[in-house]
file target22.cif (mmCIF, C-alpha atoms)
data_coords
loop_
_atom_site.label_atom_id
_atom_site.label_comp_id
_atom_site.auth_asym_id
_atom_site.auth_seq_id
_atom_site.Cartn_x
_atom_site.Cartn_y
_atom_site.Cartn_z
CA LEU A 245 -124.79 -42.15 -127.29
CA GLY A 246 -124.32 -45.13 -125.00
CA THR A 247 -120.64 -44.33 -124.60
CA ALA A 248 -121.36 -40.67 -123.77
CA LYS A 249 -123.93 -41.76 -121.17
CA ASN A 250 -121.46 -44.19 -119.60
CA GLU A 251 -118.78 -41.49 -119.45
CA ALA A 252 -121.20 -39.05 -117.81
CA GLU A 253 -122.20 -41.65 -115.23
CA ALA A 254 -118.55 -42.47 -114.55
CA LEU A 255 -117.82 -38.77 -114.04
CA GLU A 256 -120.70 -38.47 -111.57
CA TRP A 257 -119.32 -41.44 -109.66
CA TYR A 258 -115.80 -39.94 -109.62
CA ILE A 259 -117.18 -36.65 -108.26
CA GLU A 260 -119.30 -38.30 -105.57
CA SER A 261 -116.54 -40.71 -104.53
CA ALA A 262 -113.85 -38.01 -104.60
CA HIS A 263 -115.90 -35.80 -102.27
CA GLN A 264 -116.19 -38.78 -99.94
CA GLY A 265 -112.40 -38.82 -99.73
CA HIS A 266 -111.52 -41.82 -101.88
CA ALA A 267 -108.00 -41.24 -103.18
CA SER A 268 -108.31 -43.26 -106.40
CA ALA A 269 -111.46 -41.33 -107.37
CA GLN A 270 -109.78 -38.03 -106.53
CA ALA A 271 -106.87 -38.94 -108.81
CA LYS A 272 -109.25 -40.02 -111.57
CA LEU A 273 -111.25 -36.80 -111.27
CA ALA A 274 -108.01 -34.80 -111.39
CA GLU A 275 -107.17 -36.63 -114.60
CA GLN A 276 -110.51 -35.55 -116.12
CA TYR A 277 -109.88 -31.90 -115.25
CA TYR A 278 -106.30 -32.12 -116.51
CA ALA A 279 -107.44 -33.38 -119.93
CA GLY A 280 -110.82 -31.65 -120.06
CA ASN A 281 -112.73 -34.94 -120.38
CA GLY A 282 -116.41 -34.28 -119.64
CA VAL A 283 -115.51 -31.14 -117.66
CA ILE A 284 -114.09 -27.72 -118.43
CA GLN A 285 -110.34 -28.17 -118.59
CA SER A 286 -108.61 -26.73 -115.54
CA TYR A 287 -105.04 -27.34 -114.39
CA ASN A 288 -105.86 -25.57 -111.12
CA THR A 289 -108.71 -27.96 -110.29
CA ALA A 290 -106.64 -30.93 -111.45
CA PHE A 291 -103.84 -29.82 -109.15
CA GLN A 292 -106.24 -29.55 -106.19
CA TRP A 293 -107.62 -33.07 -106.66
CA PHE A 294 -104.19 -34.59 -107.29
CA SER A 295 -103.05 -32.87 -104.07
CA ASP A 296 -105.91 -34.41 -102.09
CA ALA A 297 -105.15 -37.89 -103.46
CA ALA A 298 -101.39 -37.50 -103.01
CA GLU A 299 -101.82 -36.50 -99.37
CA GLN A 300 -103.45 -39.91 -98.91
CA GLY A 301 -100.46 -41.66 -100.45
CA ASP A 302 -101.81 -42.41 -103.93
CA ALA A 303 -98.64 -43.12 -105.96
CA TYR A 304 -100.08 -42.04 -109.30
CA ALA A 305 -101.30 -38.77 -107.79
CA GLU A 306 -97.91 -38.17 -106.16
CA TYR A 307 -96.23 -38.63 -109.53
CA SER A 308 -98.77 -36.35 -111.26
CA LEU A 309 -98.30 -33.68 -108.60
CA GLY A 310 -94.55 -33.89 -109.15
CA TYR A 311 -95.09 -33.39 -112.86
CA MET A 312 -97.34 -30.37 -112.33
CA TYR A 313 -94.81 -28.75 -110.00
CA ASN A 314 -92.08 -29.60 -112.52
CA GLN A 315 -93.96 -27.95 -115.37
CA GLY A 316 -95.69 -25.16 -113.43
CA LEU A 317 -99.18 -26.38 -114.35
CA GLY A 318 -101.95 -25.28 -111.97
CA THR A 319 -99.30 -24.06 -109.56
CA ASP A 320 -95.99 -22.17 -109.50
CA LYS A 321 -93.08 -24.12 -110.93
CA ASP A 322 -91.10 -25.61 -108.06
CA ASP A 323 -88.34 -28.13 -108.80
CA HIS A 324 -87.81 -28.88 -105.12
CA LYS A 325 -91.45 -29.85 -104.54
CA ALA A 326 -91.48 -31.75 -107.82
CA LEU A 327 -88.54 -33.82 -106.60
CA GLN A 328 -90.25 -34.45 -103.26
CA TRP A 329 -93.40 -35.82 -104.87
CA TYR A 330 -91.58 -37.83 -107.54
CA THR A 331 -89.50 -39.41 -104.77
CA LYS A 332 -92.55 -40.27 -102.67
CA SER A 333 -94.15 -41.95 -105.67
CA ALA A 334 -90.95 -43.72 -106.70
CA ASN A 335 -90.49 -45.09 -103.18
CA GLN A 336 -93.87 -46.77 -103.61
CA ASP A 337 -92.39 -48.50 -106.67
CA TYR A 338 -94.38 -46.45 -109.18
CA ALA A 339 -92.22 -47.10 -112.24
CA PRO A 340 -92.93 -43.86 -114.18
CA ALA A 341 -91.74 -41.87 -111.13
CA GLN A 342 -88.62 -44.00 -110.84
CA VAL A 343 -87.85 -43.38 -114.51
CA LYS A 344 -88.47 -39.65 -114.08
CA LEU A 345 -86.03 -39.54 -111.17
CA GLY A 346 -83.54 -41.47 -113.29
CA ASP A 347 -83.80 -38.81 -115.98
CA LEU A 348 -83.55 -35.93 -113.50
CA TYR A 349 -80.43 -37.31 -111.82
CA TYR A 350 -78.88 -38.21 -115.17
CA GLU A 351 -79.34 -34.67 -116.50
CA GLY A 352 -78.85 -32.88 -113.17
CA GLN A 353 -82.21 -31.16 -113.60
CA GLY A 354 -83.38 -29.71 -110.28
CA VAL A 355 -80.96 -32.03 -108.46
CA THR A 356 -77.22 -32.49 -108.16
CA GLN A 357 -76.21 -34.53 -111.20
CA SER A 358 -75.47 -38.14 -110.29
CA TYR A 359 -75.06 -41.06 -112.69
CA LYS A 360 -75.08 -43.39 -109.69
CA GLN A 361 -78.48 -42.16 -108.50
CA ALA A 362 -79.79 -42.24 -112.07
CA PHE A 363 -78.58 -45.83 -112.45
CA ASP A 364 -80.21 -46.91 -109.19
CA TRP A 365 -83.61 -45.46 -110.14
CA PHE A 366 -83.48 -46.86 -113.68
CA LEU A 367 -82.62 -50.26 -112.21
CA ARG A 368 -85.66 -50.21 -109.93
CA ALA A 369 -87.93 -49.38 -112.86
CA ALA A 370 -86.23 -51.94 -115.11
CA ASN A 371 -86.85 -54.61 -112.48
CA GLN A 372 -90.54 -53.92 -113.09
CA GLY A 373 -90.09 -54.44 -116.82
CA PHE A 374 -90.17 -50.74 -117.81
CA SER A 375 -88.61 -50.81 -121.29
CA TYR A 376 -87.25 -47.25 -121.36
CA ALA A 377 -85.45 -47.95 -118.07
CA GLU A 378 -83.98 -51.15 -119.53
CA TYR A 379 -82.73 -49.20 -122.55
CA SER A 380 -81.24 -46.54 -120.28
CA LEU A 381 -79.41 -49.19 -118.23
CA GLY A 382 -78.02 -50.63 -121.46
CA TYR A 383 -76.65 -47.23 -122.38
CA MET A 384 -75.15 -46.68 -118.93
CA TYR A 385 -73.51 -50.12 -118.88
CA GLN A 386 -72.15 -49.53 -122.39
CA ASN A 387 -70.61 -46.20 -121.39
CA GLY A 388 -69.69 -46.98 -117.78
CA GLU A 389 -71.89 -44.24 -116.34
CA GLY A 390 -72.80 -44.79 -112.69
CA VAL A 391 -71.69 -48.41 -112.95
CA ALA A 392 -68.67 -50.39 -114.09
CA GLN A 393 -68.68 -50.73 -117.88
CA SER A 394 -70.00 -54.09 -119.06
CA LYS A 395 -70.62 -54.98 -122.70
CA ALA A 396 -72.49 -58.12 -121.69
CA LYS A 397 -74.85 -56.22 -119.37
CA ALA A 398 -75.35 -53.50 -121.96
CA LEU A 399 -76.37 -56.07 -124.55
CA GLN A 400 -78.61 -57.82 -122.01
CA TYR A 401 -80.59 -54.68 -121.19
CA TYR A 402 -80.76 -53.41 -124.77
CA SER A 403 -82.14 -56.83 -125.75
CA LYS A 404 -84.72 -56.79 -122.95
CA ALA A 405 -86.01 -53.40 -124.08
CA ALA A 406 -85.93 -54.33 -127.76
CA ASN A 407 -87.88 -57.52 -127.11
CA GLN A 408 -90.58 -55.34 -125.55
CA ASP A 409 -90.75 -53.45 -128.86
CA TYR A 410 -89.00 -50.35 -127.50
CA VAL A 411 -88.02 -48.93 -130.87
CA ALA A 412 -84.92 -47.00 -129.77
CA ALA A 413 -83.47 -50.23 -128.35
CA GLN A 414 -84.24 -52.10 -131.57
CA VAL A 415 -82.41 -49.45 -133.58
CA LYS A 416 -79.53 -49.48 -131.10
CA LEU A 417 -79.13 -53.24 -131.41
CA ALA A 418 -79.26 -52.99 -135.19
CA ASP A 419 -76.48 -50.38 -135.18
CA LEU A 420 -74.39 -52.45 -132.77
CA TYR A 421 -74.71 -55.58 -134.92
CA TYR A 422 -74.00 -53.62 -138.10
CA ASP A 423 -70.80 -52.09 -136.67
CA GLY A 424 -69.76 -55.10 -134.60
CA GLU A 425 -69.65 -52.91 -131.50
CA ILE A 426 -69.88 -54.90 -128.20
CA VAL A 427 -71.32 -57.82 -130.23
CA THR A 428 -70.08 -60.09 -133.00
CA GLN A 429 -70.66 -58.24 -136.26
CA SER A 430 -73.71 -59.53 -138.14
CA TYR A 431 -75.47 -57.85 -141.07
CA SER A 432 -78.30 -60.38 -140.84
CA LYS A 433 -78.94 -59.48 -137.18
CA ALA A 434 -78.76 -55.81 -138.07
CA PHE A 435 -81.33 -56.39 -140.82
CA GLU A 436 -83.58 -58.27 -138.38
CA TRP A 437 -83.62 -55.46 -135.81
CA PHE A 438 -83.93 -52.66 -138.37
CA SER A 439 -86.93 -54.54 -139.79
CA LYS A 440 -88.63 -54.65 -136.39
CA ALA A 441 -88.05 -50.95 -135.82
CA ALA A 442 -89.18 -50.07 -139.35
CA LYS A 443 -92.50 -51.84 -138.72
CA GLN A 444 -93.06 -49.26 -135.98
CA GLY A 445 -92.58 -46.41 -138.44
CA HIS A 446 -89.01 -45.48 -137.55
CA GLY A 447 -87.57 -43.44 -140.43
CA TYR A 448 -83.90 -44.13 -139.82
CA ALA A 449 -84.57 -47.87 -139.53
CA GLU A 450 -86.54 -47.85 -142.80
CA TYR A 451 -83.73 -45.94 -144.52
CA SER A 452 -81.19 -48.42 -143.16
CA LEU A 453 -83.22 -51.30 -144.62
CA GLY A 454 -83.01 -49.55 -147.97
CA TYR A 455 -79.25 -49.34 -147.65
CA LEU A 456 -78.97 -53.02 -146.69
CA TYR A 457 -81.17 -54.08 -149.62
CA GLU A 458 -79.22 -51.86 -152.01
CA ASN A 459 -75.89 -53.33 -150.95
CA GLY A 460 -77.01 -56.91 -150.27
CA GLU A 461 -75.86 -56.80 -146.65
CA GLY A 462 -77.67 -59.31 -144.44
CA VAL A 463 -80.30 -59.86 -147.12
CA THR A 464 -80.48 -60.71 -150.83
CA GLN A 465 -79.64 -57.64 -152.89
CA SER A 466 -82.77 -56.00 -154.29
CA ASP A 467 -83.00 -52.56 -155.88
CA ALA A 468 -86.80 -52.82 -155.84
CA ASN A 469 -86.96 -53.46 -152.10
CA ALA A 470 -84.32 -50.80 -151.47
CA LEU A 471 -86.44 -48.28 -153.34
CA LYS A 472 -89.57 -49.25 -151.36
CA SER A 473 -87.75 -48.68 -148.08
CA TYR A 474 -86.23 -45.39 -149.22
CA ILE A 475 -89.69 -44.16 -150.25
CA LYS A 476 -91.21 -45.21 -146.89
CA ALA A 477 -88.40 -43.48 -144.99
CA ALA A 478 -88.72 -40.34 -147.11
CA ASP A 479 -92.49 -40.26 -146.54
CA LEU A 480 -91.76 -40.46 -142.82
CA GLY A 481 -89.70 -37.30 -143.20
CA TYR A 482 -86.27 -38.89 -142.82
CA VAL A 483 -84.01 -36.37 -144.53
CA LEU A 484 -81.27 -38.71 -145.81
CA ALA A 485 -83.94 -40.81 -147.52
CA GLN A 486 -85.39 -37.71 -149.15
CA SER A 487 -81.94 -36.77 -150.45
CA LYS A 488 -81.37 -40.33 -151.64
CA LEU A 489 -84.66 -40.38 -153.56
CA GLY A 490 -83.86 -37.03 -155.11
CA TYR A 491 -80.55 -38.42 -156.35
CA LEU A 492 -82.16 -41.64 -157.63
CA TYR A 493 -84.83 -39.75 -159.58
CA TYR A 494 -82.23 -37.35 -160.93
CA ALA A 495 -79.93 -40.16 -162.08
CA GLY A 496 -82.72 -42.52 -163.14
CA GLN A 497 -81.15 -45.21 -160.99
CA GLY A 498 -83.55 -48.09 -160.32
CA LEU A 499 -86.51 -46.02 -161.54
CA SER A 500 -87.54 -43.78 -164.41
CA GLN A 501 -85.60 -40.54 -164.53
CA ASP A 502 -87.81 -37.71 -163.34
CA TYR A 503 -86.26 -34.27 -162.76
CA LYS A 504 -89.54 -32.92 -161.32
CA LYS A 505 -89.67 -35.60 -158.60
CA ALA A 506 -85.94 -35.23 -158.05
CA PHE A 507 -86.46 -31.52 -157.42
CA GLU A 508 -89.42 -32.19 -155.08
CA TRP A 509 -87.49 -34.64 -152.87
CA LEU A 510 -84.30 -32.59 -152.84
CA SER A 511 -86.36 -29.53 -151.89
CA LYS A 512 -87.96 -31.40 -149.00
CA ALA A 513 -84.52 -32.44 -147.80
CA ALA A 514 -83.23 -28.87 -148.15
CA GLU A 515 -86.15 -27.59 -146.06
CA GLN A 516 -84.80 -29.78 -143.23
CA GLY A 517 -81.34 -28.30 -143.64
CA ASP A 518 -79.76 -30.93 -145.87
CA ALA A 519 -77.36 -29.21 -148.23
#

call {"tool": "encode", "arguments": {"input": "target22.cif", "output": "structure tokens"}}
result
Amino acid sequence: LGTAKNEAEALEWYIESAHQGHASAQAKLAEQYYAGNGVIQSYNTAFQWFSDAAEQGDAYAEYSLGYMYNQGLGTDKDDHKALQWYTKSANQDYAPAQVKLGDLYYEGQGVTQSYKQAFDWFLRAANQGFSYAEYSLGYMYQNGEGVAQSKAKALQYYSKAANQDYVAAQVKLADLYYDGEIVTQSYSKAFEWFSKAAKQGHGYAEYSLGYLYENGEGVTQSDANALKSYIKAADLGYVLAQSKLGYLYYAGQGLSQDYKKAFEWLSKAAEQGDA
């Protein structure tokens, strides 16, 4: 009850302050209408309040307005206006807007495709410690997109993102260490990074741990630990793990043979298109 009262009072303050022309309150009120928190959900009203705040130079509101134009929420879809507002926000060093511009230029969505522009925007966001931008720079350095190829820089940015617990970067580093691509090959390093990603519930990483345990690569061989990881990955819906469990139950390898469970796991894998 106390929480509900506090939320109602906060909403009243947002409304009063927004009507007085305070940009941060206008943006906050827009957020409430966007999500339907304490008010009847309305993209149109959210758009109006974000517009008022954005006209006053609120970077978050500018970004949000760009998103609503991009998606056609509360207004007609307009890629040109979306780009305008994203750019205004990004030029105020609002990292999510910089990342969004990086994505748009990378894909050529609503803009002329440009790896160079994508790289520049990702770099600005990465300089603020935005992990997805760091990961994206790693990828671009690895593949020489928008910048001269550099294995050292790729590794540097992948590592920065991974050390911020960005799971895609952790998995990427694990794969690179496993294959010895742009780094000195190391199963133990691969195991270390797959473990970190698996703790975040990443199915492929959990499956990879199972494989490493099964084959004794980078860790002491253990069928029991391999099975645990395969089961976790399968429960996360990772199709190769489901197929693997089906085979293990069918063959009775490392566990009691069970045709019923074999059929269940193989069926789940088949439902995802695994033949």

call {"tool": "closest_residue", "arguments": {"input": "target22.cif", "among": "A:Ser452, A:Asn387, A:Thr464, A:Asn371", "to": "Ala485 in chain A", "atoms": "all atoms listed in the file"}}
result
A:Ser452

call {"tool": "residues_around", "arguments": {"input": "target22.cif", "residues": "Lys404 in chain A", "least_positions_apart": "6", "cutoff": "9 Å", "atoms": "all atoms listed in the file", "output": "list of chain:residue names"}}
result
A:Gly373, A:Ser375, A:Glu378, A:Tyr379, A:Tyr410, A:Ala413

call {"tool": "write_last_selection", "arguments": {"input": "target22.cif", "atoms": "C-alpha atoms", "output": "PDB file, in the frame of the given file"}}
result
ATOM      1  CA  GLY A 373     -90.090 -54.440-116.820  1.00  0.00           C
ATOM      2  CA  SER A 375     -88.610 -50.810-121.290  1.00  0.00           C
ATOM      3  CA  GLU A 378     -83.980 -51.150-119.530  1.00  0.00           C
ATOM      4  CA  TYR A 379     -82.730 -49.200-122.550  1.00  0.00           C
ATOM      5  CA  TYR A 410     -89.000 -50.350-127.500  1.00  0.00           C
ATOM      6  CA  ALA A 413     -83.470 -50.230-128.350  1.00  0.00           C
TER       7      ALA A 413
END

call {"tool": "resolve_selection", "arguments": {"input": "target22.cif", "expression": "the PyMOL selection byres ((chain A and resi 317) around 12)", "output": "PyMOL selection string"}}
result
chain A and resi 278+286-292+294+308-316+318-322+326

call {"tool": "write_last_selection", "arguments": {"input": "target22.cif", "atoms": "C-alpha atoms", "output": "PDB file, keeping the file's coordinate frame"}}
result
ATOM      1  CA  TYR A 278    -106.300 -32.120-116.510  1.00  0.00           C
ATOM      2  CA  SER A 286    -108.610 -26.730-115.540  1.00  0.00           C
ATOM      3  CA  TYR A 287    -105.040 -27.340-114.390  1.00  0.00           C
ATOM      4  CA  ASN A 288    -105.860 -25.570-111.120  1.00  0.00           C
ATOM      5  CA  THR A 289    -108.710 -27.960-110.290  1.00  0.00           C
ATOM      6  CA  ALA A 290    -106.640 -30.930-111.450  1.00  0.00           C
ATOM      7  CA  PHE A 291    -103.840 -29.820-109.150  1.00  0.00           C
ATOM      8  CA  GLN A 292    -106.240 -29.550-106.190  1.00  0.00           C
ATOM      9  CA  PHE A 294    -104.190 -34.590-107.290  1.00  0.00           C
ATOM     10  CA  SER A 308     -98.770 -36.350-111.260  1.00  0.00           C
ATOM     11  CA  LEU A 309     -98.300 -33.680-108.600  1.00  0.00           C
ATOM     12  CA  GLY A 310     -94.550 -33.890-109.150  1.00  0.00           C
ATOM     13  CA  TYR A 311     -95.090 -33.390-112.860  1.00  0.00           C
ATOM     14  CA  MET A 312     -97.340 -30.370-112.330  1.00  0.00           C
ATOM     15  CA  TYR A 313     -94.810 -28.750-110.000  1.00  0.00           C
ATOM     16  CA  ASN A 314     -92.080 -29.600-112.520  1.00  0.00           C
ATOM     17  CA  GLN A 315     -93.960 -27.950-115.370  1.00  0.00           C
ATOM     18  CA  GLY A 316     -95.690 -25.160-113.430  1.00  0.00           C
ATOM     19  CA  GLY A 318    -101.950 -25.280-111.970  1.00  0.00           C
ATOM     20  CA  THR A 319     -99.300 -24.060-109.560  1.00  0.00           C
ATOM     21  CA  ASP A 320     -95.990 -22.170-109.500  1.00  0.00           C
ATOM     22  CA  LYS A 321     -93.080 -24.120-110.930  1.00  0.00           C
ATOM     23  CA  ASP A 322     -91.100 -25.610-108.060  1.00  0.00           C
ATOM     24  CA  ALA A 326     -91.480 -31.750-107.820  1.00  0.00           C
TER      25      ALA A 326
END

call {"tool": "closest_residue", "arguments": {"input": "target22.cif", "among": "A:Ile426, A:Ala412, A:Ala449, A:Leu255", "to": "Tyr385 in chain A", "atoms": "all atoms listed in the file"}}
result
A:Ile426

call {"tool": "resolve_selection", "arguments": {"input": "target22.cif", "expression": "the PyMOL selection byres ((chain A and resi 327-331) around 7)", "output": "list in words"}}
result
Glu306, Tyr307, Leu309, Gly310, Asp323, His324, Lys325, Ala326, Lys332, Ser333, Ala334, Asn335, Ala341 and Leu345 of chain A

call {"tool": "build_atoms", "arguments": {"input": "target22.cif", "residues": "range 386-399 of chain A", "atoms": "N, CA, C and O atoms", "output": "JSON list (two decimals), in the coordinates of the input"}}
result
[["chain", "number", "residue", "atom", "x", "y", "z"],
["A", 386, "GLN", "N", -73.02, -49.64, -121.22],
["A", 386, "GLN", "CA", -72.15, -49.53, -122.39],
["A", 386, "GLN", "C", -71.09, -48.45, -122.19],
["A", 386, "GLN", "O", -69.93, -48.61, -122.59],
["A", 387, "ASN", "N", -71.50, -47.35, -121.53],
["A", 387, "ASN", "CA", -70.61, -46.20, -121.39],
["A", 387, "ASN", "C", -69.97, -46.08, -120.01],
["A", 387, "ASN", "O", -69.23, -45.13, -119.75],
["A", 388, "GLY", "N", -70.28, -47.02, -119.12],
["A", 388, "GLY", "CA", -69.69, -46.98, -117.78],
["A", 388, "GLY", "C", -70.09, -45.76, -116.99],
["A", 388, "GLY", "O", -69.28, -45.16, -116.29],
["A", 389, "GLU", "N", -71.38, -45.41, -117.06],
["A", 389, "GLU", "CA", -71.89, -44.24, -116.34],
["A", 389, "GLU", "C", -72.67, -44.71, -115.11],
["A", 389, "GLU", "O", -73.73, -45.32, -115.22],
["A", 390, "GLY", "N", -72.13, -44.42, -113.94],
["A", 390, "GLY", "CA", -72.80, -44.79, -112.69],
["A", 390, "GLY", "C", -72.64, -46.25, -112.32],
["A", 390, "GLY", "O", -73.18, -46.71, -111.31],
["A", 391, "VAL", "N", -71.89, -46.98, -113.15],
["A", 391, "VAL", "CA", -71.69, -48.41, -112.95],
["A", 391, "VAL", "C", -70.46, -48.82, -113.75],
["A", 391, "VAL", "O", -70.07, -48.12, -114.70],
["A", 392, "ALA", "N", -69.83, -49.91, -113.34],
["A", 392, "ALA", "CA", -68.67, -50.39, -114.09],
["A", 392, "ALA", "C", -69.11, -50.79, -115.51],
["A", 392, "ALA", "O", -70.16, -51.42, -115.68],
["A", 393, "GLN", "N", -68.34, -50.42, -116.49],
["A", 393, "GLN", "CA", -68.68, -50.73, -117.88],
["A", 393, "GLN", "C", -68.78, -52.24, -118.08],
["A", 393, "GLN", "O", -67.95, -53.00, -117.59],
["A", 394, "SER", "N", -69.82, -52.66, -118.79],
["A", 394, "SER", "CA", -70.00, -54.09, -119.06],
["A", 394, "SER", "C", -70.72, -54.26, -120.39],
["A", 394, "SER", "O", -71.91, -53.92, -120.51],
["A", 395, "LYS", "N", -70.01, -54.77, -121.39],
["A", 395, "LYS", "CA", -70.62, -54.98, -122.70],
["A", 395, "LYS", "C", -71.73, -56.02, -122.61],
["A", 395, "LYS", "O", -72.78, -55.88, -123.25],
["A", 396, "ALA", "N", -71.50, -57.06, -121.82],
["A", 396, "ALA", "CA", -72.49, -58.12, -121.69],
["A", 396, "ALA", "C", -73.79, -57.60, -121.08],
["A", 396, "ALA", "O", -74.89, -57.93, -121.54],
["A", 397, "LYS", "N", -73.66, -56.78, -120.02],
["A", 397, "LYS", "CA", -74.85, -56.22, -119.37],
["A", 397, "LYS", "C", -75.55, -55.23, -120.29],
["A", 397, "LYS", "O", -76.79, -55.15, -120.32],
["A", 398, "ALA", "N", -74.76, -54.45, -121.02],
["A", 398, "ALA", "CA", -75.35, -53.50, -121.96],
["A", 398, "ALA", "C", -76.21, -54.24, -122.99],
["A", 398, "ALA", "O", -77.36, -53.88, -123.23],
["A", 399, "LEU", "N", -75.65, -55.28, -123.56],
["A", 399, "LEU", "CA", -76.37, -56.07, -124.55],
["A", 399, "LEU", "C", -77.62, -56.70, -123.94],
["A", 399, "LEU", "O", -78.69, -56.73, -124.55]]
